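J.: My structure file final35.tsv, TSV, C-alpha atoms (C1' of nucleotides), is below:
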chain	number	residue	atom	x	y	z
A	249	MET	CA	-5.70	25.94	11.71
A	250	THR	CA	-6.14	23.13	9.29
A	251	GLU	CA	-7.77	25.17	6.55
A	252	ARG	CA	-6.26	25.33	3.10
A	253	ALA	CA	-7.11	26.33	-0.44
A	254	GLU	CA	-9.06	23.74	-2.37
A	255	PRO	CA	-6.64	21.69	-4.44
A	256	ALA	CA	-8.14	20.76	-7.77
A	257	GLY	CA	-7.78	17.00	-7.31
A	258	VAL	CA	-9.52	15.49	-4.32
A	259	GLY	CA	-10.67	18.72	-2.71
A	260	ARG	CA	-10.76	19.38	1.03
A	261	ASP	CA	-8.42	17.79	3.50
A	262	PRO	CA	-7.78	14.30	2.12
A	263	GLU	CA	-6.54	13.28	5.54
A	264	ALA	CA	-9.85	14.14	7.22
A	265	VAL	CA	-11.88	12.58	4.44
A	266	SER	CA	-9.93	9.36	4.64
A	267	LYS	CA	-10.31	9.25	8.37
A	268	PHE	CA	-14.07	9.49	8.13
A	269	VAL	CA	-14.27	7.05	5.26
A	270	GLU	CA	-12.29	4.35	6.99
A	271	GLY	CA	-14.00	4.90	10.29
A	272	PHE	CA	-17.51	4.78	8.93
A	273	ALA	CA	-16.66	1.83	6.71
A	274	ALA	CA	-15.37	-0.04	9.76
A	275	GLN	CA	-18.73	0.44	11.46
A	276	LEU	CA	-20.56	-0.87	8.44
A	277	VAL	CA	-18.26	-3.88	8.34
A	278	GLU	CA	-18.94	-4.59	11.97
A	279	ALA	CA	-22.63	-4.57	11.14
A	280	GLY	CA	-22.09	-7.25	8.53
A	281	MET	CA	-21.24	-5.47	5.28
A	282	GLN	CA	-18.26	-6.58	3.22
A	283	ARG	CA	-15.22	-4.39	3.51
A	284	MET	CA	-14.86	-3.11	-0.03
A	285	PRO	CA	-18.50	-2.15	-0.57
A	286	ALA	CA	-18.40	-0.44	2.80
A	287	ARG	CA	-15.37	1.64	1.88
A	288	VAL	CA	-16.72	2.58	-1.51
A	289	PHE	CA	-20.01	3.57	0.01
A	290	ALA	CA	-18.41	5.66	2.71
A	291	ALA	CA	-16.27	7.42	0.13
A	292	LEU	CA	-19.35	8.36	-1.86
A	293	LEU	CA	-21.15	9.53	1.24
A	294	ALA	CA	-18.22	11.80	2.08
A	295	SER	CA	-17.87	13.29	-1.39
A	296	ASP	CA	-19.23	16.78	-1.95
A	297	SER	CA	-20.92	15.97	-5.22
A	298	GLY	CA	-22.25	12.68	-3.91
A	299	SER	CA	-20.79	10.96	-6.92
A	300	LEU	CA	-17.40	9.65	-7.99
A	301	THR	CA	-16.02	7.85	-10.98
A	302	SER	CA	-14.53	4.42	-10.87
A	303	ALA	CA	-11.04	5.86	-11.31
A	304	GLU	CA	-11.52	8.38	-8.50
A	305	LEU	CA	-12.68	5.65	-6.17
A	306	GLY	CA	-9.76	3.43	-7.07
A	307	GLU	CA	-7.28	6.23	-6.50
A	308	GLN	CA	-8.77	7.45	-3.25
A	309	LEU	CA	-9.02	3.98	-1.74
A	310	ARG	CA	-5.86	2.62	-3.35
A	311	VAL	CA	-7.53	-0.41	-4.87
A	312	SER	CA	-7.74	-1.92	-8.32
A	313	PRO	CA	-10.49	-1.23	-10.85
A	314	ALA	CA	-11.60	-4.81	-10.39
A	315	ALA	CA	-12.24	-4.24	-6.71
A	316	VAL	CA	-14.25	-1.10	-7.43
A	317	SER	CA	-16.26	-2.93	-10.02
A	318	GLY	CA	-17.24	-5.71	-7.62
A	319	ALA	CA	-18.08	-3.35	-4.78
A	320	VAL	CA	-20.21	-1.14	-6.95
A	321	ARG	CA	-22.12	-4.04	-8.41
A	322	TYR	CA	-23.04	-5.11	-4.90
A	323	LEU	CA	-24.08	-1.61	-3.84
A	324	ALA	CA	-26.22	-1.15	-6.91
A	325	GLN	CA	-27.99	-4.44	-6.28
A	326	GLN	CA	-28.82	-3.22	-2.78
A	327	HIS	CA	-30.08	0.05	-4.26
A	328	MET	CA	-27.63	1.95	-2.11
A	329	VAL	CA	-26.04	3.70	-5.09
A	330	SER	CA	-27.06	4.26	-8.67
A	331	ARG	CA	-24.82	4.23	-11.68
A	332	GLU	CA	-24.93	6.88	-14.35
A	333	ARG	CA	-23.04	7.26	-17.57
A	334	GLU	CA	-21.22	10.54	-18.04
A	335	PRO	CA	-22.58	11.85	-21.33
A	336	GLY	CA	-19.91	11.89	-23.99
A	337	SER	CA	-17.60	9.48	-22.26
A	338	ARG	CA	-17.49	5.82	-21.41
A	339	ARG	CA	-16.67	6.83	-17.88
A	340	GLU	CA	-19.23	5.84	-15.31
A	341	ARG	CA	-20.25	7.70	-12.18
A	342	TYR	CA	-21.60	6.16	-9.03
A	343	ARG	CA	-23.95	8.26	-7.01
A	344	VAL	CA	-25.55	8.17	-3.60
A	345	HIS	CA	-28.90	9.97	-3.48
A	346	SER	CA	-28.98	11.36	0.04
A	347	ASN	CA	-32.23	9.82	1.04
A	348	GLN	CA	-32.65	6.99	-1.41
A	349	TRP	CA	-29.90	5.08	0.27
A	350	TYR	CA	-31.25	4.87	3.75
A	351	GLU	CA	-34.63	4.09	2.34
A	352	ALA	CA	-32.84	1.13	0.81
A	353	LEU	CA	-31.43	0.32	4.19
A	354	THR	CA	-34.86	-0.16	5.65
A	355	ASN	CA	-35.66	-2.31	2.65
A	356	ARG	CA	-34.05	-5.12	4.48
A	357	GLU	CA	-37.61	-6.16	3.81
A	358	ALA	CA	-36.28	-8.88	1.55
A	359	VAL	CA	-34.29	-10.22	4.46
A	360	LEU	CA	-37.30	-10.15	6.75
A	361	LYS	CA	-39.40	-11.94	4.16
A	362	ARG	CA	-36.89	-14.75	3.93
A	363	TRP	CA	-36.76	-15.09	7.69
A	364	GLU	CA	-40.52	-15.24	7.76
A	365	THR	CA	-40.56	-17.98	5.16
A	366	ALA	CA	-38.03	-20.03	7.05
A	367	LEU	CA	-40.02	-19.64	10.26
A	368	ARG	CA	-43.30	-20.57	8.61
A	369	ASP	CA	-41.66	-23.73	7.30
A	370	GLY	CA	-40.38	-24.42	10.78
A	371	VAL	CA	-43.80	-24.04	12.38
A	372	THR	CA	-45.27	-26.42	9.83
A	373	SER	CA	-42.61	-29.09	9.99
A	374	LEU	CA	-42.20	-29.10	13.75
A	375	GLY	CA	-45.91	-28.76	14.46
A	376	ALA	CA	-47.88	-25.67	15.41
A	377	ASP	CA	-48.96	-27.40	18.60
A	378	THR	CA	-45.46	-28.10	19.91
A	379	PRO	CA	-43.62	-25.74	22.24
A	380	ALA	CA	-40.97	-25.10	19.59
A	381	GLY	CA	-43.69	-24.48	17.02
A	382	ARG	CA	-45.40	-21.96	19.25
A	383	ARG	CA	-42.14	-20.16	19.90
A	384	MET	CA	-41.49	-19.88	16.20
A	385	ALA	CA	-45.04	-18.75	15.53
A	386	GLU	CA	-44.60	-15.93	18.00
A	387	THR	CA	-41.34	-14.91	16.42
A	388	LEU	CA	-42.99	-14.98	13.04
A	389	ALA	CA	-45.80	-12.77	14.29
A	390	PHE	CA	-43.20	-10.32	15.54
A	391	PHE	CA	-41.55	-10.03	12.16
A	392	GLU	CA	-44.86	-9.61	10.41
A	393	PHE	CA	-45.66	-6.84	12.85
A	394	VAL	CA	-42.33	-5.13	12.26
A	395	ASP	CA	-42.85	-5.31	8.51
A	396	GLY	CA	-45.94	-3.19	8.74
A	397	GLU	CA	-44.49	-0.78	11.27
A	398	ILE	CA	-41.47	0.02	9.18
A	399	ALA	CA	-43.55	1.22	6.28
A	400	ALA	CA	-45.49	3.54	8.59
A	401	MET	CA	-42.31	4.76	10.20
A	402	MET	CA	-40.79	5.75	6.86
A	403	GLU	CA	-43.92	7.69	6.10
A	404	ARG	CA	-43.52	9.65	9.31
A	405	TRP	CA	-39.85	10.20	8.57
A	406	ARG	CA	-40.58	11.72	5.18
A	407	ALA	CA	-42.93	14.20	6.81
A	408	HIS	CA	-40.43	14.99	9.54
A	409	ARG	CA	-37.68	15.37	6.98
A	410	GLU	CA	-39.61	17.78	4.85
A	411	LYS	CA	-40.27	19.99	7.86
A	412	THR	CA	-36.63	19.94	8.92
A	413	PHE	CA	-34.67	19.98	5.68
A	414	GLY	CA	-37.22	21.14	3.17
A	415	ALA	CA	-38.45	18.96	0.31
B	255	MET	CA	-46.25	-40.83	7.07
B	256	THR	CA	-43.25	-39.50	8.84
B	257	GLU	CA	-44.65	-39.73	12.36
B	258	ARG	CA	-42.94	-41.79	14.96
B	259	ALA	CA	-42.89	-42.40	18.70
B	260	GLU	CA	-40.81	-39.88	20.65
B	261	PRO	CA	-37.34	-41.32	21.17
B	262	ALA	CA	-35.88	-40.30	24.49
B	263	GLY	CA	-32.80	-38.60	23.08
B	264	VAL	CA	-33.37	-35.78	20.65
B	265	GLY	CA	-37.14	-36.03	20.45
B	266	ARG	CA	-39.23	-35.42	17.32
B	267	ASP	CA	-38.02	-36.01	13.80
B	268	PRO	CA	-34.31	-35.16	13.89
B	269	GLU	CA	-34.38	-34.89	10.13
B	270	ALA	CA	-37.02	-32.15	10.17
B	271	VAL	CA	-35.35	-30.33	13.03
B	272	SER	CA	-32.01	-30.33	11.28
B	273	LYS	CA	-33.56	-29.07	8.09
B	274	PHE	CA	-35.09	-26.10	9.85
B	275	VAL	CA	-31.96	-25.39	11.86
B	276	GLU	CA	-29.66	-25.33	8.87
B	277	GLY	CA	-32.12	-23.38	6.77
B	278	PHE	CA	-32.78	-20.70	9.34
B	279	ALA	CA	-29.10	-20.48	10.21
B	280	ALA	CA	-28.30	-19.93	6.55
B	281	GLN	CA	-30.66	-16.94	6.50
B	282	LEU	CA	-29.01	-15.49	9.57
B	283	VAL	CA	-25.60	-15.96	8.00
B	284	GLU	CA	-26.73	-14.17	4.89
B	285	ALA	CA	-27.80	-11.29	7.11
B	286	GLY	CA	-24.31	-11.03	8.55
B	287	MET	CA	-24.16	-13.39	11.50
B	288	GLN	CA	-21.28	-15.83	11.87
B	289	ARG	CA	-22.06	-19.39	10.94
B	290	MET	CA	-21.59	-21.14	14.24
B	291	PRO	CA	-23.54	-18.70	16.40
B	292	ALA	CA	-26.28	-18.82	13.80
B	293	ARG	CA	-26.48	-22.60	13.93
B	294	VAL	CA	-26.42	-22.74	17.70
B	295	PHE	CA	-29.10	-20.11	17.91
B	296	ALA	CA	-31.34	-21.85	15.40
B	297	ALA	CA	-30.95	-25.12	17.28
B	298	LEU	CA	-32.09	-23.46	20.49
B	299	LEU	CA	-35.00	-21.80	18.75
B	300	ALA	CA	-36.11	-25.17	17.43
B	301	SER	CA	-35.82	-27.02	20.72
B	302	ASP	CA	-39.02	-27.73	22.62
B	303	SER	CA	-37.67	-26.68	25.98
B	304	GLY	CA	-35.95	-23.64	24.53
B	305	SER	CA	-32.76	-24.71	26.18
B	306	LEU	CA	-29.95	-27.16	25.47
B	307	THR	CA	-26.71	-28.13	27.14
B	308	SER	CA	-23.35	-27.64	25.56
B	309	ALA	CA	-23.06	-31.39	24.96
B	310	GLU	CA	-26.47	-31.57	23.28
B	311	LEU	CA	-25.57	-28.72	21.00
B	312	GLY	CA	-22.27	-30.29	20.08
B	313	GLU	CA	-23.88	-33.59	19.30
B	314	GLN	CA	-26.77	-32.20	17.32
B	315	LEU	CA	-24.60	-29.93	15.21
B	316	ARG	CA	-21.61	-32.28	15.04
B	317	VAL	CA	-19.11	-29.73	16.27
B	318	SER	CA	-16.51	-29.60	19.02
B	319	PRO	CA	-17.11	-28.23	22.51
B	320	ALA	CA	-14.72	-25.43	21.64
B	321	ALA	CA	-16.94	-24.32	18.79
B	322	VAL	CA	-20.01	-24.36	21.01
B	323	SER	CA	-18.20	-22.37	23.63
B	324	GLY	CA	-17.23	-19.63	21.21
B	325	ALA	CA	-20.67	-19.43	19.63
B	326	VAL	CA	-22.43	-19.24	22.96
B	327	ARG	CA	-20.14	-16.55	24.26
B	328	TYR	CA	-21.04	-14.42	21.26
B	329	LEU	CA	-24.77	-15.03	21.61
B	330	ALA	CA	-24.72	-14.21	25.29
B	331	GLN	CA	-22.91	-10.95	24.61
B	332	GLN	CA	-25.65	-10.02	22.15
B	333	HIS	CA	-28.25	-10.94	24.77
B	334	MET	CA	-29.77	-13.42	22.38
B	335	VAL	CA	-29.42	-16.31	24.82
B	336	SER	CA	-28.82	-16.57	28.52
B	337	ARG	CA	-26.71	-19.12	30.31
B	338	GLU	CA	-27.88	-20.93	33.38
B	339	ARG	CA	-26.12	-23.43	35.60
B	340	GLU	CA	-27.97	-26.68	36.17
B	341	PRO	CA	-28.18	-26.92	39.96
B	342	GLY	CA	-26.09	-29.76	41.30
B	343	SER	CA	-24.01	-30.18	38.19
B	344	ARG	CA	-21.29	-28.36	36.40
B	345	ARG	CA	-23.30	-28.72	33.24
B	346	GLU	CA	-24.47	-25.46	31.71
B	347	ARG	CA	-27.70	-24.78	29.83
B	348	TYR	CA	-28.20	-22.15	27.18
B	349	ARG	CA	-31.65	-20.76	26.85
B	350	VAL	CA	-33.57	-18.58	24.45
B	351	HIS	CA	-36.39	-16.65	26.11
B	352	SER	CA	-39.02	-16.45	23.40
B	353	ASN	CA	-39.40	-12.74	23.41
B	354	GLN	CA	-36.18	-11.58	25.03
B	355	TRP	CA	-34.23	-12.52	21.97
B	356	TYR	CA	-35.98	-10.45	19.39
B	357	GLU	CA	-36.04	-7.57	21.79
B	358	ALA	CA	-32.28	-7.98	21.71
B	359	LEU	CA	-32.44	-7.97	17.96
B	360	THR	CA	-33.95	-4.50	17.93
B	361	ASN	CA	-31.24	-3.50	20.36
B	362	ARG	CA	-29.04	-3.02	17.40
B	363	GLU	CA	-29.27	0.28	19.19
B	364	ALA	CA	-25.61	-0.07	20.03
B	365	VAL	CA	-24.88	-0.35	16.33
B	366	LEU	CA	-27.00	2.69	15.53
B	367	LYS	CA	-25.27	4.67	18.23
B	368	ARG	CA	-21.87	3.93	16.77
B	369	TRP	CA	-23.04	4.91	13.31
B	370	GLU	CA	-24.35	8.14	14.73
B	371	THR	CA	-21.05	8.87	16.40
B	372	ALA	CA	-19.12	8.24	13.21
B	373	LEU	CA	-21.48	10.51	11.28
B	374	ARG	CA	-21.28	13.30	13.84
B	375	ASP	CA	-17.51	13.17	13.60
B	376	GLY	CA	-17.83	13.32	9.84
B	377	VAL	CA	-20.07	16.37	9.91
B	378	THR	CA	-17.62	18.13	12.19
B	379	SER	CA	-14.45	17.28	10.34
B	380	LEU	CA	-15.78	17.89	6.85
B	381	GLY	CA	-17.75	20.98	7.82
B	382	ALA	CA	-21.46	21.32	8.50
B	383	ASP	CA	-21.67	23.86	5.71
B	384	THR	CA	-20.27	21.64	2.96
B	385	PRO	CA	-22.48	19.52	0.71
B	386	ALA	CA	-20.97	16.34	2.13
B	387	GLY	CA	-21.50	17.64	5.65
B	388	ARG	CA	-25.14	18.38	4.94
B	389	ARG	CA	-25.68	14.92	3.50
B	390	MET	CA	-24.19	13.33	6.57
B	391	ALA	CA	-26.22	15.57	8.86
B	392	GLU	CA	-29.39	14.42	7.17
B	393	THR	CA	-28.37	10.80	7.48
B	394	LEU	CA	-27.59	11.39	11.12
B	395	ALA	CA	-31.00	12.93	11.66
B	396	PHE	CA	-32.56	9.87	10.10
B	397	PHE	CA	-30.84	7.51	12.49
B	398	GLU	CA	-31.76	9.62	15.46
B	399	PHE	CA	-35.35	9.53	14.28
B	400	VAL	CA	-35.27	5.77	13.88
B	401	ASP	CA	-33.83	5.36	17.35
B	402	GLY	CA	-36.87	6.95	18.90
B	403	GLU	CA	-39.32	5.18	16.66
B	404	ILE	CA	-38.01	1.75	17.48
B	405	ALA	CA	-38.62	2.23	21.17
B	406	ALA	CA	-42.21	3.24	20.46
B	407	MET	CA	-42.68	0.36	18.08
B	408	MET	CA	-41.58	-2.18	20.65
B	409	GLU	CA	-44.09	-0.70	23.04
B	410	ARG	CA	-46.87	-1.25	20.52
B	411	TRP	CA	-45.63	-4.77	19.86
B	412	ARG	CA	-45.80	-5.70	23.52
B	413	ALA	CA	-49.41	-4.59	23.63
B	414	HIS	CA	-50.22	-6.42	20.42
B	415	ARG	CA	-48.47	-9.50	21.68
B	416	GLU	CA	-50.36	-9.59	24.92
B	417	LYS	CA	-53.66	-9.41	23.07
B	418	THR	CA	-52.66	-12.17	20.67
B	419	PHE	CA	-50.68	-14.60	22.79
B	420	GLY	CA	-51.59	-13.60	26.31
B	421	ALA	CA	-49.06	-12.19	28.77
C	237	DT	C1'	-8.16	-31.88	49.92
C	238	DC	C1'	-8.39	-34.74	45.87
C	239	DT	C1'	-10.75	-36.38	41.84
C	240	DT	C1'	-12.95	-35.60	37.90
C	241	DA	C1'	-16.75	-33.67	34.85
C	242	DA	C1'	-17.37	-29.84	32.32
C	243	DC	C1'	-16.18	-25.48	30.17
C	244	DT	C1'	-12.60	-22.34	28.14
C	245	DT	C1'	-8.45	-20.92	25.90
C	246	DC	C1'	-4.88	-21.30	22.52
C	247	DA	C1'	-1.97	-22.57	18.53
C	248	DC	C1'	-2.48	-24.31	14.26
C	249	DA	C1'	-4.50	-26.42	10.03
C	250	DA	C1'	-8.09	-26.05	6.75
C	251	DT	C1'	-11.29	-23.54	4.50
C	252	DT	C1'	-13.20	-19.41	2.71
C	253	DT	C1'	-13.01	-14.78	1.38
C	254	DT	C1'	-10.94	-10.94	-0.76
C	255	DC	C1'	-8.20	-8.48	-3.92
C	256	DT	C1'	-5.11	-8.29	-7.80
C	257	DG	C1'	-3.20	-8.50	-12.62
C	258	DA	C1'	-4.23	-9.86	-17.02
C	259	DA	C1'	-7.31	-10.87	-20.60
C	260	DA	C1'	-11.72	-10.07	-22.61
C	261	DG	C1'	-15.66	-7.33	-23.46
C	262	DT	C1'	-18.19	-2.83	-24.67
C	263	DA	C1'	-19.18	1.48	-26.53
C	264	DG	C1'	-17.86	6.26	-27.98
C	265	DC	C1'	-15.70	8.74	-31.74
C	266	DG	C1'	-13.09	9.47	-35.78
D	166	DC	C1'	-15.24	-0.11	-38.99
D	167	DG	C1'	-11.44	0.18	-36.31
D	168	DC	C1'	-9.18	2.46	-32.36
D	169	DT	C1'	-9.00	3.47	-27.84
D	170	DA	C1'	-10.83	4.46	-23.16
D	171	DC	C1'	-13.09	2.33	-19.88
D	172	DT	C1'	-15.30	-1.62	-17.38
D	173	DT	C1'	-15.95	-6.42	-16.31
D	174	DT	C1'	-14.61	-11.17	-15.71
D	175	DC	C1'	-11.59	-14.71	-14.13
D	176	DA	C1'	-7.81	-17.50	-12.17
D	177	DG	C1'	-5.00	-17.52	-8.64
D	178	DA	C1'	-2.13	-15.45	-4.63
D	179	DA	C1'	-2.58	-13.49	-0.21
D	180	DA	C1'	-5.06	-12.71	3.86
D	181	DA	C1'	-8.61	-13.47	7.10
D	182	DT	C1'	-11.79	-16.49	9.30
D	183	DT	C1'	-13.25	-20.65	11.30
D	184	DG	C1'	-13.15	-24.96	13.78
D	185	DT	C1'	-10.27	-28.48	15.95
D	186	DG	C1'	-7.46	-31.01	19.38
D	187	DA	C1'	-5.03	-30.55	23.38
D	188	DA	C1'	-3.79	-28.34	27.41
D	189	DG	C1'	-5.50	-25.40	31.11
D	190	DT	C1'	-8.99	-23.87	34.40
D	191	DT	C1'	-12.88	-24.24	37.47
D	192	DA	C1'	-15.89	-26.15	40.73
D	193	DA	C1'	-18.92	-30.32	42.43
D	194	DG	C1'	-18.82	-34.16	45.19
D	195	DA	C1'	-16.38	-37.59	48.01
Take the structure I supplied and represent it as C-alpha cells, if you would.

T.:
Amino acid sequence: MTERAEPAGVGRDPEAVSKFVEGFAAQLVEAGMQRMPARVFAALLASDSGSLTSAELGEQLRVSPAAVSGAVRYLAQQHMVSREREPGSRRERYRVHSNQWYEALTNREAVLKRWETALRDGVTSLGADTPAGRRMAETLAFFEFVDGEIAAMMERWRAHREKTFGA
Amino acid sequence: MTERAEPAGVGRDPEAVSKFVEGFAAQLVEAGMQRMPARVFAALLASDSGSLTSAELGEQLRVSPAAVSGAVRYLAQQHMVSREREPGSRRERYRVHSNQWYEALTNREAVLKRWETALRDGVTSLGADTPAGRRMAETLAFFEFVDGEIAAMMERWRAHREKTFGA
DNA sequence: TCTTAACTTCACAATTTTCTGAAAGTAGCG
DNA sequence: CGCTACTTTCAGAAAATTGTGAAGTTAAGA
C-alpha cells in the first residue's frame, strides 16, 4: 500500500508526482523544448487543480523565482498556459486548460508558415525549373497540404472528445 | 543580372544556395533540431542531385569531417537521409529522397508513443479518478487520436501528390 | 598483404545556454 | 502615499553543448 492521508501542502504522494513530472518533462525536452519550461509545464499538468502559484512551482521543482518567471513567460507566449491574478493578492497563478494546451501544440502553425516561407524563397532563388527547385516545391506543397489537414483534424477531435468526455 | 555560366564545382550561384541553406537551417534549429544536422540537411535539400559526399558537405559548410560525420549519423537515424556507398570508391554519398524525408518527419510517431507511455504511467500513478489523472487521460486520448489521423492524412497526401506531381 | 583514401571516434577547447542571487519594478492595502 | 508582498530583469557563475584536431579504424586497389 502506498496510500496515505492527504497532507495539506503538496497533496498526494509527492514522490509519485515528481516521478511523473520529471519523466514527462524529459520527453518534452527530447522533443526540443527547453528544460525549465518543460518541467513547469509537467508540474501544472500533474496538479489536481490544474494551476499553481509561482511559489508552489519554485518549491516543488527546487528552483528560483527567476527561473519560474522565465519558464512561465515562454509557456504563456506559446499559449500552453494562461496566467491569472488571484483576486485580493499580488500572487499569480499559472493554469493549464486541459484542452487549450494541446490545441496550442497543433498551432505549430507558425512554425509551418515560416518553413513554407523559407521554401518559397528557395524555389524562387534557385529556380523553379531546377531539380533542387522542384524538390523544394514538392516539399512546400506537402506543408501546405498538412496545414489544411490539421485544421480539419482538430475539428474531428473536438467532436470525438465531446462524445467521449462530454462537453 | 546575377546569372552566370555553371562552374564545374558547386554549380549555380553559391551565394544564393548558401543563403537558402542557412535560412532554412535556422528555421529547423528554431524548431528544435541541432544546428549541424540542420545545416547538412538543408544543403542536401538544396542540391540539384539531392546527394552530396562528405567532402562536398564539409567544403560547402566550412566544417570538419568530424562534424559532418556526427550530423549525418543523426540524420540517418531519423530516416531523413540515407547513406550510399559510391561503387568503386570508399567515398560515401548522403541522399535525401524527396518524399521519404517528410514521411520521416511525420514519423515523430516514436515521439508520440513515448509521450503516450509517460502519460499512461502518470494516469496510473496519480490515479485515474483524480482530477490530474483525468486531465492526463484526456491528453492521452488526444495523442492516440492524432496517431491514427496522421496515418490517414499521409494516405490522402500520397494520392494528392500523385495527381499533382505524377507518381 | 601493404598502402592509402576515407570515415569515425575521442578528448578537449570554445561557445552557448541555463540558472541563480541581487537589485529593481509593480500593485495591493492600510 | 508609503509599506510590503510578489514578480521581473540582469549580470555573471556554472553547466551543457558543439565543433575541432588528431589518432584510430576500415576497406579499395595494387

J.: If we count only C-alpha atoms (C1' of nucleotides), what is near stretch 242-255 of chain C at a cut-off of 8 Å, once residues fewer than 4 positions away on the same chain are taken out, given as a count of residues only?

T.: 12

J.: Applying 12 Å and only C-alpha atoms (C1' of nucleotides), which residues near D:DA195 remain after dropping the ones on its own chain fewer than 4 positions away? List them as a list of chain:residue names.

T.: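 What passes the distance filter is C:DT237, C:DC238, C:DT239, C:DT240.
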
J.: Quick check, in Å to one decimal: how far apart do atom CA of A:Ala358 and atom CA of B:Ala296 lie?

T.: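 Going from atom CA of A:Ala358 over to atom CA of B:Ala296 covers 19.6 Å.
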
J.: So how many Å separate atom CA of A:Arg382 and atom CA of B:Val275, to one decimal?

T.: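 These two atoms are separated by 15.7 Å.
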
J.: Could you jot down the atom C1' of C:DG261 to atom CA of A:Glu340 separation for me, Å, one decimal place?

T.: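 Going from atom C1' of C:DG261 over to atom CA of A:Glu340, I get 15.9 Å.
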
J.: Counting all atoms listed in the file, select every polymer residue within 12 Å of (-41.0, -28.9, 7.0) as defined in the file's coordinates, and provide the selection as a PDB file with C-alpha atoms, keeping the file's coordinate frame.

T.:
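As a result, out-v8.pdb now contains:
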ATOM      1  CA  THR A 365     -40.560 -17.980   5.160  1.00  0.00           C
ATOM      2  CA  ALA A 366     -38.030 -20.030   7.050  1.00  0.00           C
ATOM      3  CA  LEU A 367     -40.020 -19.640  10.260  1.00  0.00           C
ATOM      4  CA  ARG A 368     -43.300 -20.570   8.610  1.00  0.00           C
ATOM      5  CA  ASP A 369     -41.660 -23.730   7.300  1.00  0.00           C
ATOM      6  CA  GLY A 370     -40.380 -24.420  10.780  1.00  0.00           C
ATOM      7  CA  VAL A 371     -43.800 -24.040  12.380  1.00  0.00           C
ATOM      8  CA  THR A 372     -45.270 -26.420   9.830  1.00  0.00           C
ATOM      9  CA  SER A 373     -42.610 -29.090   9.990  1.00  0.00           C
ATOM     10  CA  LEU A 374     -42.200 -29.100  13.750  1.00  0.00           C
ATOM     11  CA  GLY A 375     -45.910 -28.760  14.460  1.00  0.00           C
ATOM     12  CA  ALA A 376     -47.880 -25.670  15.410  1.00  0.00           C
ATOM     13  CA  GLY A 381     -43.690 -24.480  17.020  1.00  0.00           C
TER      14      GLY A 381
ATOM     15  CA  THR B 256     -43.250 -39.500   8.840  1.00  0.00           C
ATOM     16  CA  ASP B 267     -38.020 -36.010  13.800  1.00  0.00           C
ATOM     17  CA  PRO B 268     -34.310 -35.160  13.890  1.00  0.00           C
ATOM     18  CA  GLU B 269     -34.380 -34.890  10.130  1.00  0.00           C
ATOM     19  CA  ALA B 270     -37.020 -32.150  10.170  1.00  0.00           C
ATOM     20  CA  VAL B 271     -35.350 -30.330  13.030  1.00  0.00           C
ATOM     21  CA  SER B 272     -32.010 -30.330  11.280  1.00  0.00           C
ATOM     22  CA  LYS B 273     -33.560 -29.070   8.090  1.00  0.00           C
ATOM     23  CA  PHE B 274     -35.090 -26.100   9.850  1.00  0.00           C
ATOM     24  CA  VAL B 275     -31.960 -25.390  11.860  1.00  0.00           C
ATOM     25  CA  GLY B 277     -32.120 -23.380   6.770  1.00  0.00           C
ATOM     26  CA  PHE B 278     -32.780 -20.700   9.340  1.00  0.00           C
TER      27      PHE B 278
END

J.: What's the 10 Å shell around A:Arg409, counting all atoms listed in the file, without same-chain residues fewer than 4 positions away, as a list in words?

T.: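 In the requested form, the answer reads Asn347, Glu403, Arg404, Trp405, Phe413, Gly414 and Ala415 of chain A; Glu392, Ala395, Phe396 and Phe399 of chain B.
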
J.: Calculated over all atoms listed in the file, which of the candidates B:Thr360, B:Ser343, B:Thr418, B:Gln288 has the smallest distance to B:Gly402?

T.: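 Nearest candidate to B:Gly402 out of B:Thr360, B:Ser343, B:Thr418, B:Gln288: B:Thr360.
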
J.: Nearest to chain A: which of D:DG167, D:DG194, D:DT173, D:DA187 is it, counting all atoms listed in the file?

T.: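 Of the candidates, the smallest distance to chain A is held by D:DT173.
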
J.: When you count all atoms listed in the file, which of these residues is closest to chain B: A:Ala273, A:Val311, A:Leu353, A:Ala294?

T.: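 That would be A:Ala294, the residue with the smallest distance to chain B.
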
J.: Considering all atoms listed in the file, return as an MDAnalysis selection string whatever protein or nucleic-acid residues lie within 9 Å of B:Arg293, sequence-local ones (same chain, fewer than 2 positions apart) excluded.

T.: chainID B and resid 275:276 278:280 282:283 288:291 295:298 315 325

J.: Between A:Leu360, A:Ala380, A:Met328, A:Val394, which residue has the minimum interatomic distance to chain B, considering all atoms listed in the file?

T.: A:Ala380

J.: Check the smallest atom-to-atom distance from each of B:Lys417, B:Leu329, B:Ser352, B:Gly324 to chain A using only C-alpha atoms, then report the winner.

T.: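 Among the listed residues, the smallest separation from chain A belongs to B:Ser352.
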
J.: Kindly reconstruct stretch 390-394 of chain A with N, CA, C and O atoms and present the result as a tab-separated table (two decimals), keeping the file's coordinate frame.

T.:
chain	number	residue	atom	x	y	z
A	390	PHE	N	-43.98	-11.53	15.28
A	390	PHE	CA	-43.20	-10.32	15.54
A	390	PHE	C	-42.67	-9.72	14.25
A	390	PHE	O	-42.82	-8.52	14.00
A	391	PHE	N	-42.11	-10.55	13.41
A	391	PHE	CA	-41.55	-10.03	12.16
A	391	PHE	C	-42.63	-9.45	11.26
A	391	PHE	O	-42.43	-8.43	10.61
A	392	GLU	N	-43.76	-10.12	11.23
A	392	GLU	CA	-44.86	-9.61	10.41
A	392	GLU	C	-45.29	-8.23	10.93
A	392	GLU	O	-45.55	-7.31	10.16
A	393	PHE	N	-45.32	-8.12	12.24
A	393	PHE	CA	-45.66	-6.84	12.85
A	393	PHE	C	-44.65	-5.76	12.46
A	393	PHE	O	-45.02	-4.66	12.02
A	394	VAL	N	-43.39	-6.09	12.57
A	394	VAL	CA	-42.33	-5.13	12.26
A	394	VAL	C	-42.43	-4.67	10.80
A	394	VAL	O	-42.30	-3.48	10.51
